[in-house]
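This is query-v3.cif (mmCIF, N, CA and C atoms).
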data_protein
loop_
_atom_site.label_atom_id
_atom_site.label_comp_id
_atom_site.auth_asym_id
_atom_site.auth_seq_id
_atom_site.Cartn_x
_atom_site.Cartn_y
_atom_site.Cartn_z
N MET A 1 105.71 120.81 126.73
CA MET A 1 106.52 120.36 127.85
C MET A 1 106.35 118.86 128.01
N SER A 2 107.42 118.18 128.18
CA SER A 2 107.44 116.72 128.33
C SER A 2 107.13 116.34 129.77
N ARG A 3 106.39 115.25 129.95
CA ARG A 3 106.07 114.73 131.28
C ARG A 3 106.82 113.42 131.48
N PRO A 4 108.02 113.44 132.08
CA PRO A 4 108.81 112.22 132.23
C PRO A 4 108.08 111.12 132.97
N ASP A 5 107.15 111.48 133.88
CA ASP A 5 106.44 110.46 134.63
C ASP A 5 105.46 109.69 133.74
N LEU A 6 105.13 110.24 132.58
CA LEU A 6 104.21 109.57 131.67
C LEU A 6 104.92 108.81 130.56
N LEU A 7 106.17 109.15 130.30
CA LEU A 7 106.89 108.49 129.22
C LEU A 7 107.24 107.07 129.62
N GLY A 8 106.78 106.12 128.83
CA GLY A 8 107.07 104.73 129.13
C GLY A 8 106.39 104.23 130.38
N GLY A 9 105.32 104.88 130.79
CA GLY A 9 104.67 104.54 132.03
C GLY A 9 103.66 103.42 131.94
N PHE A 10 103.63 102.67 130.88
CA PHE A 10 102.67 101.59 130.74
C PHE A 10 103.34 100.26 131.00
N GLY A 11 102.91 99.57 132.04
CA GLY A 11 103.45 98.25 132.34
C GLY A 11 104.84 98.31 132.92
N PRO A 12 105.44 97.14 133.06
CA PRO A 12 106.79 97.06 133.63
C PRO A 12 107.83 97.66 132.69
N PRO A 13 109.02 97.96 133.20
CA PRO A 13 110.08 98.48 132.33
C PRO A 13 110.35 97.55 131.16
N LYS A 14 110.85 98.11 130.08
CA LYS A 14 111.06 97.36 128.84
C LYS A 14 111.91 96.10 129.05
N ALA A 15 112.95 96.18 129.86
CA ALA A 15 113.81 95.02 130.09
C ALA A 15 113.02 93.89 130.73
N ASP A 16 112.11 94.23 131.68
CA ASP A 16 111.29 93.21 132.32
C ASP A 16 110.32 92.59 131.32
N ARG A 17 109.72 93.40 130.46
CA ARG A 17 108.80 92.88 129.45
C ARG A 17 109.54 91.98 128.47
N SER A 18 110.74 92.36 128.08
CA SER A 18 111.53 91.55 127.16
C SER A 18 111.86 90.20 127.77
N ALA A 19 112.24 90.19 129.02
CA ALA A 19 112.57 88.94 129.71
C ALA A 19 111.32 88.06 129.84
N ALA A 20 110.20 88.67 130.18
CA ALA A 20 108.95 87.91 130.30
C ALA A 20 108.53 87.35 128.95
N THR A 21 108.72 88.11 127.88
CA THR A 21 108.37 87.64 126.54
C THR A 21 109.25 86.47 126.13
N ARG A 22 110.55 86.57 126.37
CA ARG A 22 111.47 85.46 126.05
C ARG A 22 111.10 84.21 126.85
N ALA A 23 110.80 84.39 128.13
CA ALA A 23 110.43 83.25 128.97
C ALA A 23 109.14 82.59 128.48
N LEU A 24 108.16 83.41 128.09
CA LEU A 24 106.91 82.85 127.58
C LEU A 24 107.13 82.11 126.27
N LYS A 25 107.96 82.65 125.39
CA LYS A 25 108.25 81.95 124.13
C LYS A 25 108.89 80.59 124.40
N ASP A 26 109.78 80.53 125.38
CA ASP A 26 110.39 79.24 125.75
C ASP A 26 109.34 78.27 126.27
N LEU A 27 108.42 78.76 127.11
CA LEU A 27 107.34 77.91 127.62
C LEU A 27 106.44 77.42 126.48
N VAL A 28 106.16 78.30 125.53
CA VAL A 28 105.32 77.93 124.38
C VAL A 28 105.99 76.80 123.60
N ARG A 29 107.28 76.94 123.34
CA ARG A 29 107.99 75.90 122.58
C ARG A 29 107.94 74.55 123.30
N LYS A 30 108.06 74.57 124.63
CA LYS A 30 107.99 73.32 125.40
C LYS A 30 106.57 72.76 125.40
N ALA A 31 105.58 73.59 125.67
CA ALA A 31 104.19 73.13 125.78
C ALA A 31 103.67 72.56 124.46
N PHE A 32 104.11 73.15 123.35
CA PHE A 32 103.64 72.72 122.04
C PHE A 32 104.64 71.81 121.33
N ASP A 33 105.70 71.43 122.02
CA ASP A 33 106.73 70.54 121.48
C ASP A 33 107.25 71.05 120.14
N LEU A 34 107.68 72.32 120.14
CA LEU A 34 108.19 72.96 118.92
C LEU A 34 109.71 72.92 118.90
N GLU A 35 110.26 72.98 117.72
CA GLU A 35 111.71 73.09 117.55
C GLU A 35 112.17 74.44 118.11
N PRO A 36 113.42 74.53 118.57
CA PRO A 36 113.92 75.79 119.12
C PRO A 36 113.83 76.97 118.15
N GLU A 37 113.92 76.70 116.86
CA GLU A 37 113.88 77.79 115.88
C GLU A 37 112.47 78.05 115.32
N ALA A 38 111.47 77.33 115.82
CA ALA A 38 110.09 77.51 115.33
C ALA A 38 109.62 78.94 115.61
N PRO A 39 108.97 79.57 114.64
CA PRO A 39 108.47 80.93 114.85
C PRO A 39 107.36 80.96 115.90
N VAL A 40 107.54 81.82 116.89
CA VAL A 40 106.55 82.04 117.94
C VAL A 40 106.38 83.54 118.09
N PHE A 41 105.15 84.00 118.03
CA PHE A 41 104.83 85.41 118.17
C PHE A 41 104.09 85.60 119.48
N VAL A 42 104.53 86.56 120.28
CA VAL A 42 103.89 86.87 121.55
C VAL A 42 103.68 88.37 121.62
N ALA A 43 102.45 88.78 121.95
CA ALA A 43 102.17 90.21 122.08
C ALA A 43 101.20 90.43 123.23
N GLU A 44 101.42 91.51 123.94
CA GLU A 44 100.50 91.92 124.99
C GLU A 44 99.76 93.14 124.48
N VAL A 45 98.44 93.07 124.50
CA VAL A 45 97.64 94.16 123.98
C VAL A 45 96.67 94.66 125.05
N ALA A 46 96.36 95.92 124.96
CA ALA A 46 95.39 96.53 125.87
C ALA A 46 94.11 96.80 125.09
N CYS A 47 92.99 96.66 125.77
CA CYS A 47 91.72 96.87 125.11
C CYS A 47 90.85 97.77 125.98
N GLY A 48 90.25 98.75 125.37
CA GLY A 48 89.36 99.66 126.08
C GLY A 48 87.89 99.33 125.87
N GLU A 49 87.62 98.26 125.15
CA GLU A 49 86.24 97.85 124.89
C GLU A 49 85.62 97.25 126.15
N ILE A 50 84.33 97.35 126.28
CA ILE A 50 83.64 96.83 127.45
C ILE A 50 83.69 95.30 127.50
N ASP A 51 83.63 94.65 126.36
CA ASP A 51 83.51 93.20 126.32
C ASP A 51 84.84 92.46 126.17
N CYS A 52 85.96 93.10 126.47
CA CYS A 52 87.25 92.40 126.39
C CYS A 52 88.07 92.73 127.64
N PRO A 53 89.03 91.86 127.96
CA PRO A 53 89.85 92.11 129.15
C PRO A 53 90.72 93.36 128.96
N ASP A 54 91.10 93.97 130.08
CA ASP A 54 91.95 95.16 130.01
C ASP A 54 93.28 94.84 129.33
N THR A 55 93.85 93.69 129.66
CA THR A 55 95.11 93.25 129.08
C THR A 55 94.94 91.83 128.57
N GLU A 56 95.46 91.58 127.39
CA GLU A 56 95.36 90.26 126.78
C GLU A 56 96.71 89.90 126.17
N THR A 57 97.08 88.64 126.29
CA THR A 57 98.29 88.15 125.65
C THR A 57 97.89 87.28 124.48
N VAL A 58 98.46 87.57 123.34
CA VAL A 58 98.20 86.81 122.13
C VAL A 58 99.46 86.01 121.80
N VAL A 59 99.28 84.72 121.58
CA VAL A 59 100.39 83.83 121.22
C VAL A 59 100.03 83.20 119.88
N ALA A 60 100.93 83.30 118.92
CA ALA A 60 100.74 82.64 117.63
C ALA A 60 101.93 81.75 117.37
N ILE A 61 101.64 80.54 116.94
CA ILE A 61 102.70 79.61 116.59
C ILE A 61 102.47 79.12 115.17
N TYR A 62 103.54 78.70 114.55
CA TYR A 62 103.49 78.24 113.17
C TYR A 62 104.03 76.82 113.10
N ARG A 63 103.26 75.96 112.48
CA ARG A 63 103.69 74.58 112.19
C ARG A 63 103.56 74.42 110.69
N GLY A 64 104.70 74.49 110.01
CA GLY A 64 104.66 74.47 108.55
C GLY A 64 103.90 75.68 108.05
N GLU A 65 102.88 75.44 107.25
CA GLU A 65 102.07 76.53 106.70
C GLU A 65 100.90 76.89 107.62
N GLN A 66 100.69 76.11 108.67
CA GLN A 66 99.56 76.36 109.57
C GLN A 66 99.93 77.35 110.66
N ARG A 67 98.98 78.22 110.98
CA ARG A 67 99.15 79.20 112.05
C ARG A 67 98.07 78.94 113.09
N PHE A 68 98.49 78.91 114.35
CA PHE A 68 97.56 78.72 115.46
C PHE A 68 97.68 79.93 116.38
N GLU A 69 96.54 80.44 116.81
CA GLU A 69 96.54 81.63 117.67
C GLU A 69 95.78 81.34 118.95
N TYR A 70 96.35 81.78 120.06
CA TYR A 70 95.75 81.58 121.37
C TYR A 70 95.73 82.92 122.09
N ARG A 71 94.66 83.16 122.83
CA ARG A 71 94.51 84.41 123.57
C ARG A 71 94.30 84.11 125.04
N PHE A 72 95.00 84.87 125.88
CA PHE A 72 94.91 84.70 127.32
C PHE A 72 94.56 86.05 127.94
N ALA A 73 93.58 86.08 128.80
CA ALA A 73 93.08 87.33 129.40
C ALA A 73 93.96 87.76 130.57
N THR A 74 95.24 87.93 130.28
CA THR A 74 96.20 88.30 131.31
C THR A 74 97.46 88.88 130.65
N ALA A 75 98.32 89.45 131.45
CA ALA A 75 99.59 89.98 130.95
C ALA A 75 100.54 88.85 130.59
N ILE A 76 101.53 89.14 129.77
CA ILE A 76 102.52 88.14 129.35
C ILE A 76 103.13 87.44 130.56
N ALA A 77 103.53 88.20 131.56
CA ALA A 77 104.21 87.64 132.72
C ALA A 77 103.32 86.71 133.54
N ASP A 78 102.01 86.79 133.33
CA ASP A 78 101.07 85.98 134.12
C ASP A 78 100.55 84.75 133.40
N VAL A 79 100.94 84.54 132.14
CA VAL A 79 100.54 83.32 131.43
C VAL A 79 101.39 82.18 131.99
N THR A 80 100.73 81.09 132.37
CA THR A 80 101.43 79.99 133.01
C THR A 80 101.61 78.81 132.06
N GLY A 81 102.49 77.92 132.47
CA GLY A 81 102.66 76.68 131.73
C GLY A 81 101.36 75.90 131.65
N ALA A 82 100.58 75.92 132.74
CA ALA A 82 99.29 75.23 132.75
C ALA A 82 98.34 75.82 131.71
N ASP A 83 98.35 77.15 131.57
CA ASP A 83 97.53 77.81 130.54
C ASP A 83 97.90 77.29 129.15
N LEU A 84 99.20 77.18 128.92
CA LEU A 84 99.69 76.74 127.60
C LEU A 84 99.38 75.28 127.34
N VAL A 85 99.53 74.44 128.37
CA VAL A 85 99.22 73.02 128.21
C VAL A 85 97.74 72.86 127.87
N LYS A 86 96.89 73.60 128.55
CA LYS A 86 95.45 73.55 128.27
C LYS A 86 95.18 73.96 126.82
N ALA A 87 95.82 75.05 126.37
CA ALA A 87 95.64 75.51 124.99
C ALA A 87 96.16 74.46 124.00
N ALA A 88 97.30 73.87 124.30
CA ALA A 88 97.88 72.84 123.42
C ALA A 88 96.95 71.64 123.30
N ASN A 89 96.33 71.26 124.40
CA ASN A 89 95.43 70.11 124.41
C ASN A 89 94.12 70.36 123.69
N THR A 90 93.74 71.62 123.54
CA THR A 90 92.48 71.94 122.86
C THR A 90 92.69 72.25 121.38
N SER A 91 93.96 72.33 120.95
CA SER A 91 94.21 72.72 119.56
C SER A 91 94.19 71.55 118.59
N GLY A 92 94.17 70.36 119.10
CA GLY A 92 94.05 69.19 118.22
C GLY A 92 95.27 68.74 117.63
#
If you took the structure in this file and wrote it as C-alpha cells, what would it be?
Amino acid sequence: MSRPDLLGGFGPPKADRSAATRALKDLVRKAFDLEPEAPVFVAEVACGEIDCPDTETVVAIYRGEQRFEYRFATAIADVTGADLVKAANTSG
C-alpha cells in the first residue's frame, strides 16, 4: 500500500527546489565572476553521520580544467551571497 503523505515528503516541493537551485547558480556565477554558460553544479545532500550537518549544499564550479568545490552546512535556499563571496575570497 502506498503512503501518499510520504511520497516526495523530503524538503520543499520540487518546483521550489528547482527555483532555489537556479537562483543559487546565478548567485554563484556573480560571486565568482563566471561566464553565463560556465558549468556550475549545485546539490543538496542529507547526512546521517554524527560529525556532519543534517543538510549540506555542495557547489562545484569549473574554470577551464580546474574544478573548485565548496560546502555549506545549510539547505540550497539558505546559502547567501555573503557565503559565496567568502568562499570566493578564500579560493585564491
Which residue out of A:Ala75, A:Ala31, A:Ile61, A:Ala23 has the minimum interatomic distance to Cys47 of chain A when only C-alpha atoms are used? A:Ala75
If we count all atoms listed in the file and set the cut-off at 7 Å, which residues sit around Leu24 of chain A, ignoring sequence neighbours fewer than 5 positions away in its own chain? Please answer as a compact mmCIF listing (two decimals) with N, CA and C atoms, keeping the file's coordinate frame.
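What landed in result-v4.txt:
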# COMPACT_ATOMS: atom_id res chain seq x y z
N ALA A 19 112.24 90.19 129.02
CA ALA A 19 112.57 88.94 129.71
C ALA A 19 111.32 88.06 129.84
N ARG A 29 107.28 76.94 123.34
CA ARG A 29 107.99 75.90 122.58
C ARG A 29 107.94 74.55 123.30
N ILE A 76 101.53 89.14 129.77
CA ILE A 76 102.52 88.14 129.35
C ILE A 76 103.13 87.44 130.56
Report as number ranges by chain all protein, DNA and RNA residues lying within 10 Å of Leu27 of chain A, evaluated on only C-alpha atoms, omitting residues in the same chain fewer than 3 positions from it. A: 21-24, 30-33, 79-82, 84-85
Just to be explicit: take each residue in the selection above, keep N, CA and C atoms, and write the result as a PDB file, keeping the file's coordinate frame.
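Dumped to again36.pdb:
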ATOM      1  N   THR A  21     108.720  88.110 127.880  1.00  0.00           N
ATOM      2  CA  THR A  21     108.370  87.640 126.540  1.00  0.00           C
ATOM      3  C   THR A  21     109.250  86.470 126.130  1.00  0.00           C
ATOM      4  N   ARG A  22     110.550  86.570 126.370  1.00  0.00           N
ATOM      5  CA  ARG A  22     111.470  85.460 126.050  1.00  0.00           C
ATOM      6  C   ARG A  22     111.100  84.210 126.850  1.00  0.00           C
ATOM      7  N   ALA A  23     110.800  84.390 128.130  1.00  0.00           N
ATOM      8  CA  ALA A  23     110.430  83.250 128.970  1.00  0.00           C
ATOM      9  C   ALA A  23     109.140  82.590 128.480  1.00  0.00           C
ATOM     10  N   LEU A  24     108.160  83.410 128.090  1.00  0.00           N
ATOM     11  CA  LEU A  24     106.910  82.850 127.580  1.00  0.00           C
ATOM     12  C   LEU A  24     107.130  82.110 126.270  1.00  0.00           C
ATOM     13  N   LYS A  30     108.060  74.570 124.630  1.00  0.00           N
ATOM     14  CA  LYS A  30     107.990  73.320 125.400  1.00  0.00           C
ATOM     15  C   LYS A  30     106.570  72.760 125.400  1.00  0.00           C
ATOM     16  N   ALA A  31     105.580  73.590 125.670  1.00  0.00           N
ATOM     17  CA  ALA A  31     104.190  73.130 125.780  1.00  0.00           C
ATOM     18  C   ALA A  31     103.670  72.560 124.460  1.00  0.00           C
ATOM     19  N   PHE A  32     104.110  73.150 123.350  1.00  0.00           N
ATOM     20  CA  PHE A  32     103.640  72.720 122.040  1.00  0.00           C
ATOM     21  C   PHE A  32     104.640  71.810 121.330  1.00  0.00           C
ATOM     22  N   ASP A  33     105.700  71.430 122.020  1.00  0.00           N
ATOM     23  CA  ASP A  33     106.730  70.540 121.480  1.00  0.00           C
ATOM     24  C   ASP A  33     107.250  71.050 120.140  1.00  0.00           C
ATOM     25  N   VAL A  79     100.940  84.540 132.140  1.00  0.00           N
ATOM     26  CA  VAL A  79     100.540  83.320 131.430  1.00  0.00           C
ATOM     27  C   VAL A  79     101.390  82.180 131.990  1.00  0.00           C
ATOM     28  N   THR A  80     100.730  81.090 132.370  1.00  0.00           N
ATOM     29  CA  THR A  80     101.430  79.990 133.010  1.00  0.00           C
ATOM     30  C   THR A  80     101.610  78.810 132.060  1.00  0.00           C
ATOM     31  N   GLY A  81     102.490  77.920 132.470  1.00  0.00           N
ATOM     32  CA  GLY A  81     102.660  76.680 131.730  1.00  0.00           C
ATOM     33  C   GLY A  81     101.360  75.900 131.650  1.00  0.00           C
ATOM     34  N   ALA A  82     100.580  75.920 132.740  1.00  0.00           N
ATOM     35  CA  ALA A  82      99.290  75.230 132.750  1.00  0.00           C
ATOM     36  C   ALA A  82      98.340  75.820 131.710  1.00  0.00           C
ATOM     37  N   LEU A  84      99.200  77.180 128.920  1.00  0.00           N
ATOM     38  CA  LEU A  84      99.690  76.740 127.600  1.00  0.00           C
ATOM     39  C   LEU A  84      99.380  75.280 127.340  1.00  0.00           C
ATOM     40  N   VAL A  85      99.530  74.440 128.370  1.00  0.00           N
ATOM     41  CA  VAL A  85      99.220  73.020 128.210  1.00  0.00           C
ATOM     42  C   VAL A  85      97.740  72.860 127.870  1.00  0.00           C
TER      43      VAL A  85
END
Could you tell me, as a short mmCIF file (atom, residue, chain, number, x, y, z; two decimals) with N, CA and C atoms, keeping the file's coordinate frame, which residues of segment 2-92 of chain A DSSP assigns to alpha helix (DSSP H) when given the backbone?
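What landed in part_5.cif:
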data_model
loop_
_atom_site.label_atom_id
_atom_site.label_comp_id
_atom_site.auth_asym_id
_atom_site.auth_seq_id
_atom_site.Cartn_x
_atom_site.Cartn_y
_atom_site.Cartn_z
N LYS A 14 110.85 98.11 130.08
CA LYS A 14 111.06 97.36 128.84
C LYS A 14 111.91 96.10 129.05
N ALA A 15 112.95 96.18 129.86
CA ALA A 15 113.81 95.02 130.09
C ALA A 15 113.02 93.89 130.73
N ASP A 16 112.11 94.23 131.68
CA ASP A 16 111.29 93.21 132.32
C ASP A 16 110.32 92.59 131.32
N ARG A 17 109.72 93.40 130.46
CA ARG A 17 108.80 92.88 129.45
C ARG A 17 109.54 91.98 128.47
N SER A 18 110.74 92.36 128.08
CA SER A 18 111.53 91.55 127.16
C SER A 18 111.86 90.20 127.77
N ALA A 19 112.24 90.19 129.02
CA ALA A 19 112.57 88.94 129.71
C ALA A 19 111.32 88.06 129.84
N ALA A 20 110.20 88.67 130.18
CA ALA A 20 108.95 87.91 130.30
C ALA A 20 108.53 87.35 128.95
N THR A 21 108.72 88.11 127.88
CA THR A 21 108.37 87.64 126.54
C THR A 21 109.25 86.47 126.13
N ARG A 22 110.55 86.57 126.37
CA ARG A 22 111.47 85.46 126.05
C ARG A 22 111.10 84.21 126.85
N ALA A 23 110.80 84.39 128.13
CA ALA A 23 110.43 83.25 128.97
C ALA A 23 109.14 82.59 128.48
N LEU A 24 108.16 83.41 128.09
CA LEU A 24 106.91 82.85 127.58
C LEU A 24 107.13 82.11 126.27
N LYS A 25 107.96 82.65 125.39
CA LYS A 25 108.25 81.95 124.13
C LYS A 25 108.89 80.59 124.40
N ASP A 26 109.78 80.53 125.38
CA ASP A 26 110.39 79.24 125.75
C ASP A 26 109.34 78.27 126.27
N LEU A 27 108.42 78.76 127.11
CA LEU A 27 107.34 77.91 127.62
C LEU A 27 106.44 77.42 126.48
N VAL A 28 106.16 78.30 125.53
CA VAL A 28 105.32 77.93 124.38
C VAL A 28 105.99 76.80 123.60
N ARG A 29 107.28 76.94 123.34
CA ARG A 29 107.99 75.90 122.58
C ARG A 29 107.94 74.55 123.30
N LYS A 30 108.06 74.57 124.63
CA LYS A 30 107.99 73.32 125.40
C LYS A 30 106.57 72.76 125.40
N ALA A 31 105.58 73.59 125.67
CA ALA A 31 104.19 73.13 125.78
C ALA A 31 103.67 72.56 124.46
N GLY A 81 102.49 77.92 132.47
CA GLY A 81 102.66 76.68 131.73
C GLY A 81 101.36 75.90 131.65
N ALA A 82 100.58 75.92 132.74
CA ALA A 82 99.29 75.23 132.75
C ALA A 82 98.34 75.82 131.71
N ASP A 83 98.35 77.15 131.57
CA ASP A 83 97.53 77.81 130.54
C ASP A 83 97.90 77.29 129.15
N LEU A 84 99.20 77.18 128.92
CA LEU A 84 99.69 76.74 127.60
C LEU A 84 99.38 75.28 127.34
N VAL A 85 99.53 74.44 128.37
CA VAL A 85 99.22 73.02 128.21
C VAL A 85 97.74 72.86 127.87
N LYS A 86 96.89 73.60 128.55
CA LYS A 86 95.45 73.55 128.27
C LYS A 86 95.18 73.96 126.82
N ALA A 87 95.82 75.05 126.37
CA ALA A 87 95.64 75.51 124.99
C ALA A 87 96.16 74.46 124.00
N ALA A 88 97.30 73.87 124.30
CA ALA A 88 97.88 72.84 123.42
C ALA A 88 96.95 71.64 123.30
N ASN A 89 96.33 71.26 124.40
CA ASN A 89 95.43 70.11 124.41
C ASN A 89 94.12 70.36 123.69
N THR A 90 93.74 71.62 123.54
CA THR A 90 92.48 71.94 122.86
C THR A 90 92.69 72.25 121.38
#
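Going from atom CA of Ala46 of chain A to atom CA of Ser18 of chain A covers 16.9 Å.
We find atom C of Ala87 of chain A and atom C of Cys52 of chain A to be spaced 20.3 Å apart.
In this structure, atom CA of Thr90 of chain A sits 16.7 Å away from atom CA of Ala73 of chain A.
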Find the residues near Ala38 of chain A: any atom within 8 Å, counting all atoms listed in the file, skip ones fewer than 2 places away on the same chain, and give them as a list in words. Arg29, Leu34, Glu35, Pro36, Val40, Phe41, Ile61, Tyr62 and Arg63 of chain A
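All polymer residues at most 6.5 Å from (94.6, 83.9, 124.4), using only N, CA and C atoms, appear as Thr57, Val58, Val59, Glu69, Tyr70, Arg71, Phe72 and Ala73 of chain A.
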Expected file contents, prior selection, N, CA and C atoms, as a PDB file, in the frame of the given file:
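Saved as selection-v1.pdb:
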ATOM      1  N   THR A  57      97.080  88.640 126.290  1.00  0.00           N
ATOM      2  CA  THR A  57      98.290  88.150 125.650  1.00  0.00           C
ATOM      3  C   THR A  57      97.890  87.280 124.480  1.00  0.00           C
ATOM      4  N   VAL A  58      98.460  87.570 123.340  1.00  0.00           N
ATOM      5  CA  VAL A  58      98.200  86.810 122.130  1.00  0.00           C
ATOM      6  C   VAL A  58      99.460  86.010 121.800  1.00  0.00           C
ATOM      7  N   VAL A  59      99.280  84.720 121.580  1.00  0.00           N
ATOM      8  CA  VAL A  59     100.390  83.830 121.220  1.00  0.00           C
ATOM      9  C   VAL A  59     100.030  83.200 119.880  1.00  0.00           C
ATOM     10  N   GLU A  69      96.540  80.440 116.810  1.00  0.00           N
ATOM     11  CA  GLU A  69      96.540  81.630 117.670  1.00  0.00           C
ATOM     12  C   GLU A  69      95.780  81.340 118.950  1.00  0.00           C
ATOM     13  N   TYR A  70      96.350  81.780 120.060  1.00  0.00           N
ATOM     14  CA  TYR A  70      95.750  81.580 121.370  1.00  0.00           C
ATOM     15  C   TYR A  70      95.730  82.920 122.090  1.00  0.00           C
ATOM     16  N   ARG A  71      94.660  83.160 122.830  1.00  0.00           N
ATOM     17  CA  ARG A  71      94.510  84.410 123.570  1.00  0.00           C
ATOM     18  C   ARG A  71      94.300  84.110 125.040  1.00  0.00           C
ATOM     19  N   PHE A  72      95.000  84.870 125.880  1.00  0.00           N
ATOM     20  CA  PHE A  72      94.910  84.700 127.320  1.00  0.00           C
ATOM     21  C   PHE A  72      94.560  86.050 127.940  1.00  0.00           C
ATOM     22  N   ALA A  73      93.580  86.080 128.800  1.00  0.00           N
ATOM     23  CA  ALA A  73      93.080  87.330 129.400  1.00  0.00           C
ATOM     24  C   ALA A  73      93.960  87.760 130.570  1.00  0.00           C
TER      25      ALA A  73
END
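Here the question is which of A:Glu65, A:Ala60, A:Thr74, A:Ala20 gets nearest to Val45 of chain A using only N, CA and C atoms, and that residue is A:Thr74.
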